[in-house]
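**Student:** Pasting target_7.txt below, which is compact mmCIF, N, CA and C atoms.
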# COMPACT_ATOMS: atom_id res chain seq x y z
N MET V 275 73.10 103.04 86.34
CA MET V 275 74.26 103.92 86.30
C MET V 275 75.08 103.74 87.57
N ARG V 276 76.37 103.55 87.41
CA ARG V 276 77.26 103.34 88.54
C ARG V 276 77.58 104.67 89.20
N LYS V 277 77.53 104.68 90.51
CA LYS V 277 77.83 105.91 91.23
C LYS V 277 79.34 106.09 91.33
N PRO V 278 79.84 107.32 91.12
CA PRO V 278 81.29 107.54 91.14
C PRO V 278 81.88 107.31 92.53
N LYS V 279 83.12 106.88 92.56
CA LYS V 279 83.82 106.61 93.82
C LYS V 279 84.50 107.88 94.32
N LEU V 280 83.70 108.90 94.58
CA LEU V 280 84.24 110.18 95.04
C LEU V 280 84.99 110.09 96.37
N PRO V 281 84.63 109.17 97.27
CA PRO V 281 85.39 109.10 98.53
C PRO V 281 86.89 108.91 98.31
N LEU V 282 87.28 108.23 97.25
CA LEU V 282 88.70 108.04 96.99
C LEU V 282 89.39 109.37 96.70
N TYR V 283 88.66 110.29 96.09
CA TYR V 283 89.24 111.59 95.76
C TYR V 283 89.26 112.52 96.96
N ALA V 284 88.56 112.16 98.03
CA ALA V 284 88.58 112.96 99.25
C ALA V 284 89.83 112.67 100.08
N VAL V 285 90.49 111.55 99.78
CA VAL V 285 91.72 111.19 100.51
C VAL V 285 92.88 111.91 99.83
N SER V 286 93.53 112.78 100.56
CA SER V 286 94.57 113.65 100.00
C SER V 286 95.85 112.90 99.67
N ILE V 287 96.46 113.31 98.56
CA ILE V 287 97.77 112.79 98.19
C ILE V 287 98.84 113.87 98.38
N ASP V 288 98.45 115.01 98.90
CA ASP V 288 99.34 116.18 98.98
C ASP V 288 100.64 115.92 99.74
N LYS V 289 100.60 115.09 100.76
CA LYS V 289 101.79 114.88 101.59
C LYS V 289 102.63 113.68 101.14
N LEU V 290 102.21 113.05 100.06
CA LEU V 290 102.96 111.90 99.56
C LEU V 290 104.15 112.36 98.72
N PRO V 291 105.30 111.68 98.85
CA PRO V 291 106.42 111.97 97.95
C PRO V 291 106.02 111.64 96.50
N LEU V 292 106.72 112.20 95.53
CA LEU V 292 106.35 112.06 94.12
C LEU V 292 106.18 110.61 93.69
N ASP V 293 107.12 109.74 94.04
CA ASP V 293 107.01 108.33 93.63
C ASP V 293 105.75 107.70 94.20
N ASP V 294 105.43 108.01 95.44
CA ASP V 294 104.21 107.48 96.06
C ASP V 294 102.97 108.08 95.41
N ARG V 295 103.03 109.33 95.01
CA ARG V 295 101.87 109.97 94.36
C ARG V 295 101.51 109.26 93.07
N ILE V 296 102.53 108.85 92.31
CA ILE V 296 102.27 108.14 91.05
C ILE V 296 101.48 106.86 91.33
N ILE V 297 101.93 106.10 92.33
CA ILE V 297 101.23 104.87 92.69
C ILE V 297 99.83 105.19 93.21
N ALA V 298 99.71 106.21 94.06
CA ALA V 298 98.41 106.58 94.64
C ALA V 298 97.44 107.01 93.55
N ILE V 299 97.89 107.82 92.62
CA ILE V 299 97.01 108.27 91.52
C ILE V 299 96.59 107.09 90.67
N MET V 300 97.51 106.19 90.38
CA MET V 300 97.19 105.02 89.59
C MET V 300 96.16 104.14 90.30
N LEU V 301 96.39 103.87 91.60
CA LEU V 301 95.43 103.05 92.35
C LEU V 301 94.07 103.73 92.43
N ARG V 302 94.08 105.04 92.66
CA ARG V 302 92.81 105.77 92.75
C ARG V 302 92.06 105.70 91.42
N ALA V 303 92.76 105.89 90.31
CA ALA V 303 92.13 105.83 89.00
C ALA V 303 91.56 104.44 88.74
N TYR V 304 92.32 103.43 89.10
CA TYR V 304 91.88 102.04 88.90
C TYR V 304 90.67 101.71 89.78
N LEU V 305 90.79 101.99 91.07
CA LEU V 305 89.71 101.62 92.00
C LEU V 305 88.44 102.43 91.76
N SER V 306 88.58 103.68 91.32
CA SER V 306 87.40 104.51 91.10
C SER V 306 86.57 104.00 89.92
N ARG V 307 87.17 103.18 89.08
CA ARG V 307 86.45 102.61 87.93
C ARG V 307 85.81 101.25 88.26
N ARG V 308 86.07 100.75 89.45
CA ARG V 308 85.59 99.41 89.81
C ARG V 308 84.39 99.49 90.76
N THR V 309 83.41 98.66 90.49
CA THR V 309 82.25 98.60 91.39
C THR V 309 82.59 97.81 92.65
N ASP V 310 83.65 97.03 92.60
CA ASP V 310 84.05 96.21 93.75
C ASP V 310 85.29 96.77 94.46
N ALA V 311 85.47 98.09 94.41
CA ALA V 311 86.67 98.71 94.98
C ALA V 311 86.84 98.39 96.46
N LEU V 312 85.75 98.47 97.23
CA LEU V 312 85.84 98.18 98.66
C LEU V 312 86.26 96.72 98.88
N GLU V 313 85.70 95.81 98.12
CA GLU V 313 86.06 94.40 98.26
C GLU V 313 87.52 94.18 97.90
N ARG V 314 88.00 94.87 96.86
CA ARG V 314 89.40 94.73 96.46
C ARG V 314 90.32 95.18 97.59
N LEU V 315 89.99 96.32 98.21
CA LEU V 315 90.82 96.80 99.32
C LEU V 315 90.63 95.92 100.56
N SER V 316 89.42 95.43 100.77
CA SER V 316 89.16 94.54 101.92
C SER V 316 90.02 93.29 101.86
N SER V 317 90.33 92.85 100.65
CA SER V 317 91.11 91.62 100.49
C SER V 317 92.57 91.81 100.91
N ILE V 318 93.04 93.06 101.00
CA ILE V 318 94.44 93.28 101.37
C ILE V 318 94.59 93.88 102.76
N ILE V 319 93.48 94.26 103.39
CA ILE V 319 93.56 94.93 104.69
C ILE V 319 92.92 94.07 105.77
N ARG V 320 93.66 93.88 106.84
CA ARG V 320 93.11 93.21 108.02
C ARG V 320 93.05 94.28 109.12
N GLU V 321 91.85 94.55 109.56
CA GLU V 321 91.67 95.60 110.56
C GLU V 321 92.15 95.13 111.92
N GLY V 322 92.71 96.07 112.64
CA GLY V 322 93.14 95.81 114.01
C GLY V 322 92.12 96.39 114.96
N VAL V 323 92.56 97.21 115.89
CA VAL V 323 91.67 97.88 116.83
C VAL V 323 90.93 98.95 116.03
N VAL V 324 89.63 98.82 115.97
CA VAL V 324 88.85 99.73 115.13
C VAL V 324 88.16 100.77 115.99
N ILE V 325 88.25 102.01 115.55
CA ILE V 325 87.54 103.09 116.22
C ILE V 325 86.14 103.14 115.63
N LYS V 326 85.13 102.97 116.46
CA LYS V 326 83.75 103.00 115.99
C LYS V 326 83.19 104.40 116.14
N PHE V 327 82.53 104.86 115.11
CA PHE V 327 81.90 106.18 115.13
C PHE V 327 80.40 106.02 115.29
N PRO V 328 79.75 106.84 116.11
CA PRO V 328 78.30 106.73 116.28
C PRO V 328 77.55 107.12 115.02
N THR V 329 78.15 107.96 114.21
CA THR V 329 77.56 108.37 112.93
C THR V 329 78.65 108.21 111.87
N PRO V 330 78.29 108.24 110.60
CA PRO V 330 79.34 108.14 109.59
C PRO V 330 80.41 109.21 109.82
N PRO V 331 81.69 108.83 109.71
CA PRO V 331 82.77 109.77 110.03
C PRO V 331 82.92 110.87 108.99
N THR V 332 83.42 111.99 109.43
CA THR V 332 83.75 113.08 108.53
C THR V 332 85.11 112.79 107.91
N VAL V 333 85.50 113.58 106.94
CA VAL V 333 86.81 113.41 106.32
C VAL V 333 87.92 113.54 107.37
N GLN V 334 87.75 114.47 108.31
CA GLN V 334 88.75 114.63 109.36
C GLN V 334 88.83 113.39 110.25
N GLU V 335 87.68 112.80 110.53
CA GLU V 335 87.68 111.60 111.37
C GLU V 335 88.32 110.42 110.65
N LEU V 336 88.27 110.41 109.33
CA LEU V 336 88.89 109.32 108.59
C LEU V 336 90.41 109.33 108.75
N ALA V 337 90.94 110.46 109.19
CA ALA V 337 92.37 110.54 109.42
C ALA V 337 92.79 109.68 110.62
N ALA V 338 91.84 109.33 111.48
CA ALA V 338 92.13 108.48 112.64
C ALA V 338 92.06 107.02 112.20
N ILE V 339 93.18 106.50 111.75
CA ILE V 339 93.24 105.12 111.27
C ILE V 339 93.31 104.18 112.46
N PRO V 340 92.57 103.08 112.41
CA PRO V 340 92.65 102.11 113.49
C PRO V 340 94.09 101.64 113.72
N LEU V 341 94.38 101.30 114.94
CA LEU V 341 95.71 100.81 115.28
C LEU V 341 95.89 99.38 114.79
N ASP V 342 97.11 99.05 114.47
CA ASP V 342 97.46 97.68 114.08
C ASP V 342 96.77 97.18 112.82
N THR V 343 96.42 98.09 111.92
CA THR V 343 95.89 97.66 110.64
C THR V 343 97.03 97.02 109.86
N VAL V 344 96.76 95.89 109.21
CA VAL V 344 97.80 95.15 108.50
C VAL V 344 97.45 95.07 107.02
N LEU V 345 98.44 95.39 106.19
CA LEU V 345 98.27 95.25 104.74
C LEU V 345 98.95 93.95 104.32
N ASP V 346 98.25 93.14 103.54
CA ASP V 346 98.81 91.90 103.01
C ASP V 346 99.68 92.26 101.81
N GLY V 347 100.99 92.17 101.98
CA GLY V 347 101.93 92.60 100.96
C GLY V 347 101.78 91.90 99.63
N LYS V 348 101.58 90.59 99.65
CA LYS V 348 101.46 89.83 98.40
C LYS V 348 100.22 90.27 97.63
N LYS V 349 99.10 90.39 98.33
CA LYS V 349 97.86 90.79 97.65
C LYS V 349 97.94 92.25 97.20
N LEU V 350 98.62 93.10 97.97
CA LEU V 350 98.77 94.49 97.58
C LEU V 350 99.64 94.59 96.32
N ALA V 351 100.71 93.81 96.24
CA ALA V 351 101.56 93.81 95.05
C ALA V 351 100.77 93.38 93.83
N GLU V 352 99.91 92.38 93.99
CA GLU V 352 99.07 91.92 92.88
C GLU V 352 98.10 93.02 92.46
N LEU V 353 97.52 93.73 93.42
CA LEU V 353 96.60 94.83 93.11
C LEU V 353 97.33 95.94 92.35
N ILE V 354 98.53 96.28 92.77
CA ILE V 354 99.32 97.32 92.10
C ILE V 354 99.63 96.91 90.67
N ASN V 355 100.05 95.66 90.47
CA ASN V 355 100.34 95.18 89.11
C ASN V 355 99.09 95.19 88.24
N GLU V 356 97.98 94.75 88.79
CA GLU V 356 96.71 94.74 88.05
C GLU V 356 96.28 96.16 87.68
N ALA V 357 96.42 97.08 88.61
CA ALA V 357 96.06 98.48 88.36
C ALA V 357 96.93 99.06 87.26
N ALA V 358 98.23 98.84 87.33
CA ALA V 358 99.15 99.38 86.32
C ALA V 358 98.81 98.82 84.94
N GLU V 359 98.57 97.53 84.86
CA GLU V 359 98.25 96.91 83.57
C GLU V 359 96.92 97.43 83.02
N THR V 360 95.92 97.56 83.86
CA THR V 360 94.61 98.04 83.43
C THR V 360 94.67 99.48 82.95
N ILE V 361 95.30 100.34 83.73
CA ILE V 361 95.39 101.76 83.36
C ILE V 361 96.22 101.91 82.08
N LYS V 362 97.26 101.11 81.94
CA LYS V 362 98.11 101.18 80.74
C LYS V 362 97.32 100.82 79.48
N GLN V 363 96.35 99.93 79.61
CA GLN V 363 95.56 99.48 78.46
C GLN V 363 94.55 100.51 77.99
N GLU V 364 94.25 101.50 78.83
CA GLU V 364 93.27 102.51 78.44
C GLU V 364 93.80 103.30 77.25
N GLU V 365 92.94 103.49 76.29
CA GLU V 365 93.33 104.25 75.10
C GLU V 365 93.21 105.73 75.40
N VAL V 366 94.33 106.41 75.39
CA VAL V 366 94.36 107.85 75.59
C VAL V 366 95.17 108.44 74.44
N TYR V 367 94.58 109.39 73.76
CA TYR V 367 95.24 109.99 72.62
C TYR V 367 94.88 111.47 72.57
N SER V 368 95.83 112.28 72.17
CA SER V 368 95.58 113.70 71.97
C SER V 368 96.13 114.09 70.61
N PRO V 369 95.39 114.90 69.85
CA PRO V 369 95.92 115.34 68.56
C PRO V 369 97.13 116.28 68.72
N ASP V 370 97.29 116.85 69.89
CA ASP V 370 98.43 117.72 70.17
C ASP V 370 99.63 116.82 70.49
N PRO V 371 100.69 116.84 69.67
CA PRO V 371 101.82 115.93 69.88
C PRO V 371 102.49 116.08 71.25
N GLU V 372 102.56 117.30 71.78
CA GLU V 372 103.18 117.49 73.08
C GLU V 372 102.38 116.79 74.18
N ILE V 373 101.05 116.93 74.13
CA ILE V 373 100.20 116.27 75.13
C ILE V 373 100.25 114.76 74.93
N ASP V 374 100.23 114.33 73.67
CA ASP V 374 100.30 112.89 73.41
C ASP V 374 101.61 112.31 73.94
N ASN V 375 102.70 113.07 73.89
CA ASN V 375 103.97 112.61 74.45
C ASN V 375 103.87 112.40 75.96
N ILE V 376 103.06 113.23 76.64
CA ILE V 376 102.85 113.06 78.08
C ILE V 376 102.16 111.73 78.35
N PHE V 377 101.14 111.40 77.54
CA PHE V 377 100.44 110.13 77.72
C PHE V 377 101.39 108.96 77.47
N THR V 378 102.24 109.09 76.47
CA THR V 378 103.21 108.03 76.17
C THR V 378 104.19 107.87 77.33
N ALA V 379 104.66 108.99 77.87
CA ALA V 379 105.58 108.93 79.01
C ALA V 379 104.92 108.29 80.22
N ALA V 380 103.64 108.61 80.43
CA ALA V 380 102.90 108.03 81.56
C ALA V 380 102.80 106.51 81.40
N LYS V 381 102.54 106.04 80.18
CA LYS V 381 102.46 104.60 79.95
C LYS V 381 103.82 103.94 80.15
N ASN V 382 104.90 104.65 79.81
CA ASN V 382 106.24 104.11 80.05
C ASN V 382 106.51 103.97 81.54
N VAL V 383 106.02 104.93 82.33
CA VAL V 383 106.16 104.84 83.79
C VAL V 383 105.40 103.62 84.30
N LEU V 384 104.19 103.41 83.78
CA LEU V 384 103.39 102.26 84.20
C LEU V 384 104.09 100.95 83.86
N ASP V 385 104.81 100.93 82.75
CA ASP V 385 105.57 99.72 82.37
C ASP V 385 106.62 99.37 83.41
N SER V 386 107.15 100.38 84.08
CA SER V 386 108.25 100.14 85.02
C SER V 386 107.78 99.82 86.43
N ILE V 387 106.47 99.84 86.66
CA ILE V 387 105.95 99.58 88.01
C ILE V 387 105.93 98.08 88.27
N ASP V 388 106.54 97.69 89.37
CA ASP V 388 106.54 96.30 89.82
C ASP V 388 105.95 96.30 91.23
N GLY V 389 104.78 95.70 91.37
CA GLY V 389 104.07 95.70 92.65
C GLY V 389 104.91 95.20 93.81
N ALA V 390 105.68 94.13 93.59
CA ALA V 390 106.51 93.58 94.67
C ALA V 390 107.55 94.60 95.12
N GLU V 391 108.17 95.32 94.17
CA GLU V 391 109.15 96.34 94.54
C GLU V 391 108.49 97.50 95.27
N VAL V 392 107.31 97.90 94.80
CA VAL V 392 106.58 99.00 95.46
C VAL V 392 106.31 98.62 96.91
N VAL V 393 105.83 97.41 97.13
CA VAL V 393 105.50 96.97 98.50
C VAL V 393 106.77 96.85 99.34
N ARG V 394 107.82 96.30 98.77
CA ARG V 394 109.07 96.13 99.51
C ARG V 394 109.64 97.47 99.98
N ASP V 395 109.51 98.51 99.13
CA ASP V 395 110.08 99.82 99.45
C ASP V 395 109.03 100.84 99.89
N MET V 396 107.82 100.37 100.19
CA MET V 396 106.70 101.27 100.47
C MET V 396 106.94 102.12 101.72
N SER V 397 106.60 103.40 101.58
CA SER V 397 106.71 104.31 102.72
C SER V 397 105.48 104.16 103.61
N VAL V 398 105.61 104.61 104.82
CA VAL V 398 104.48 104.62 105.75
C VAL V 398 103.36 105.49 105.17
N ASN V 399 103.74 106.58 104.49
CA ASN V 399 102.73 107.48 103.92
C ASN V 399 101.85 106.77 102.90
N LEU V 400 102.45 105.96 102.05
CA LEU V 400 101.66 105.24 101.04
C LEU V 400 100.77 104.20 101.71
N ALA V 401 101.30 103.50 102.71
CA ALA V 401 100.47 102.52 103.44
C ALA V 401 99.28 103.21 104.10
N GLU V 402 99.51 104.38 104.68
CA GLU V 402 98.42 105.14 105.30
C GLU V 402 97.41 105.59 104.25
N TYR V 403 97.90 106.01 103.09
CA TYR V 403 97.00 106.44 102.02
C TYR V 403 96.06 105.30 101.60
N ILE V 404 96.64 104.12 101.39
CA ILE V 404 95.83 102.96 100.98
C ILE V 404 94.81 102.62 102.05
N THR V 405 95.22 102.68 103.31
CA THR V 405 94.31 102.39 104.41
C THR V 405 93.20 103.43 104.49
N LYS V 406 93.53 104.69 104.31
CA LYS V 406 92.52 105.75 104.33
C LYS V 406 91.52 105.58 103.19
N CYS V 407 92.00 105.14 102.03
CA CYS V 407 91.09 104.87 100.91
C CYS V 407 90.09 103.78 101.29
N TYR V 408 90.59 102.75 101.93
CA TYR V 408 89.71 101.66 102.38
C TYR V 408 88.61 102.20 103.30
N TYR V 409 89.02 102.99 104.30
CA TYR V 409 88.03 103.50 105.25
C TYR V 409 87.10 104.54 104.61
N ALA V 410 87.60 105.29 103.65
CA ALA V 410 86.74 106.25 102.93
C ALA V 410 85.64 105.51 102.19
N LEU V 411 85.99 104.38 101.57
CA LEU V 411 84.98 103.59 100.86
C LEU V 411 84.06 102.86 101.83
N LYS V 412 84.64 102.37 102.91
CA LYS V 412 83.85 101.61 103.88
C LYS V 412 82.76 102.47 104.52
N TYR V 413 83.07 103.73 104.78
CA TYR V 413 82.10 104.61 105.45
C TYR V 413 81.39 105.54 104.49
N GLU V 414 81.47 105.24 103.21
CA GLU V 414 80.81 106.09 102.19
C GLU V 414 79.31 106.08 102.37
Could you render the structure as structure tokens?

**Tutor:**
Amino acid sequence: MRKPKLPLYAVSIDKLPLDDRIIAIMLRAYLSRRTDALERLSSIIREGVVIKFPTPPTVQELAAIPLDTVLDGKKLAELINEAAETIKQEEVYSPDPEIDNIFTAAKNVLDSIDGAEVVRDMSVNLAEYITKCYYALKYE
């Protein structure tokens, strides 16, 4: 039995703007279903000056992101596209037409996601969110 990726859900999306939240929720949903989530994030993150903790860090300590962490834009765009395509393929249906319309609208939003555009226009908040997810998984 695969253990759930709860550390990803410990990283807050509350301060993200709505457009960033959509991407964050999609990435979280995608990565939480993968057994190689840490490796996937490791492939796009190059650590800079790393703060070492004597014991596993608390959620508050995870807020202290290492300085000069670099996200590989091309690989991040590919991850975003892969996540959107995978989540879009999931079969979600509700017998309630109003709820089913929400699922249809969500899939339409996923259709419009372009990883390269997301990366090109990415806010600092979204970059920090992705980095915090990496560290949450790394110190799980």

**Student:** Near Val398 (chain V), counting only C-alpha atoms, which residues have an atom at most 12 Å away, once you skip same-chain residues fewer than 3 positions from it, shown as a PDB file with N, CA and C atoms, in the frame of the given file?

**Tutor:**
ATOM      1  N   LYS V 289     100.600 115.090 100.760  1.00  0.00           N
ATOM      2  CA  LYS V 289     101.790 114.880 101.590  1.00  0.00           C
ATOM      3  C   LYS V 289     102.630 113.680 101.140  1.00  0.00           C
ATOM      4  N   LEU V 290     102.210 113.050 100.060  1.00  0.00           N
ATOM      5  CA  LEU V 290     102.960 111.900  99.560  1.00  0.00           C
ATOM      6  C   LEU V 290     104.150 112.360  98.720  1.00  0.00           C
ATOM      7  N   PRO V 291     105.300 111.680  98.850  1.00  0.00           N
ATOM      8  CA  PRO V 291     106.420 111.970  97.950  1.00  0.00           C
ATOM      9  C   PRO V 291     106.020 111.640  96.500  1.00  0.00           C
ATOM     10  N   ASP V 294     105.430 108.010  95.440  1.00  0.00           N
ATOM     11  CA  ASP V 294     104.210 107.480  96.060  1.00  0.00           C
ATOM     12  C   ASP V 294     102.970 108.080  95.410  1.00  0.00           C
ATOM     13  N   VAL V 344      96.760  95.890 109.210  1.00  0.00           N
ATOM     14  CA  VAL V 344      97.800  95.150 108.500  1.00  0.00           C
ATOM     15  C   VAL V 344      97.450  95.070 107.020  1.00  0.00           C
ATOM     16  N   LEU V 345      98.440  95.390 106.190  1.00  0.00           N
ATOM     17  CA  LEU V 345      98.270  95.250 104.740  1.00  0.00           C
ATOM     18  C   LEU V 345      98.950  93.950 104.320  1.00  0.00           C
ATOM     19  N   VAL V 392     107.310  97.900  94.800  1.00  0.00           N
ATOM     20  CA  VAL V 392     106.580  99.000  95.460  1.00  0.00           C
ATOM     21  C   VAL V 392     106.310  98.620  96.910  1.00  0.00           C
ATOM     22  N   VAL V 393     105.830  97.410  97.130  1.00  0.00           N
ATOM     23  CA  VAL V 393     105.500  96.970  98.500  1.00  0.00           C
ATOM     24  C   VAL V 393     106.770  96.850  99.340  1.00  0.00           C
ATOM     25  N   ARG V 394     107.820  96.300  98.770  1.00  0.00           N
ATOM     26  CA  ARG V 394     109.070  96.130  99.510  1.00  0.00           C
ATOM     27  C   ARG V 394     109.640  97.470  99.980  1.00  0.00           C
ATOM     28  N   ASP V 395     109.510  98.510  99.130  1.00  0.00           N
ATOM     29  CA  ASP V 395     110.080  99.820  99.450  1.00  0.00           C
ATOM     30  C   ASP V 395     109.030 100.840  99.890  1.00  0.00           C
ATOM     31  N   ALA V 401     101.300 103.500 102.710  1.00  0.00           N
ATOM     32  CA  ALA V 401     100.470 102.520 103.440  1.00  0.00           C
ATOM     33  C   ALA V 401      99.280 103.210 104.100  1.00  0.00           C
ATOM     34  N   GLU V 402      99.510 104.380 104.680  1.00  0.00           N
ATOM     35  CA  GLU V 402      98.420 105.140 105.300  1.00  0.00           C
ATOM     36  C   GLU V 402      97.410 105.590 104.250  1.00  0.00           C
ATOM     37  N   TYR V 403      97.900 106.010 103.090  1.00  0.00           N
ATOM     38  CA  TYR V 403      97.000 106.440 102.020  1.00  0.00           C
ATOM     39  C   TYR V 403      96.060 105.300 101.600  1.00  0.00           C
ATOM     40  N   ILE V 404      96.640 104.120 101.390  1.00  0.00           N
ATOM     41  CA  ILE V 404      95.830 102.960 100.980  1.00  0.00           C
ATOM     42  C   ILE V 404      94.810 102.620 102.050  1.00  0.00           C
ATOM     43  N   THR V 405      95.220 102.680 103.310  1.00  0.00           N
ATOM     44  CA  THR V 405      94.310 102.390 104.410  1.00  0.00           C
ATOM     45  C   THR V 405      93.200 103.430 104.490  1.00  0.00           C
TER      46      THR V 405
END

**Student:** Return the single residue from V:Ile361, V:Leu350, V:Ala284, V:Leu292 that is closest to Gly389 (chain V), with distances computed using only C-alpha atoms.

**Tutor:**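 Closest residue, counting only C-alpha atoms: V:Leu350.
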
**Student:** Which one of V:Glu313, V:Asp385, V:Asp346, V:Asp374 sits closest to Glu359 (chain V) if you count all atoms listed in the file?

**Tutor:**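 Between V:Glu313, V:Asp385, V:Asp346, V:Asp374, the residue approaching Glu359 (chain V) most closely is V:Asp385.
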
**Student:** Using only C-alpha atoms, can you tell me which of V:Asp288, V:Ala298, V:Leu353, V:Leu312 comes closest to Tyr413 (chain V)?

**Tutor:**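 Under the stated criterion, the closest residue is V:Leu312.
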
**Student:** I'd like to know which residues of chain V are alpha helix (DSSP H) (by DSSP, run on the backbone); could you write them as number ranges by chain?

**Tutor:** V: 280-284, 292-306, 311-316, 347-363, 371-385, 389-394, 398-412

**Student:** Could you work out how far atom N of Thr360 (chain V) lies from atom C of Thr309 (chain V), giving the answer in Å with one decimal?

**Tutor:** 16.0 Å
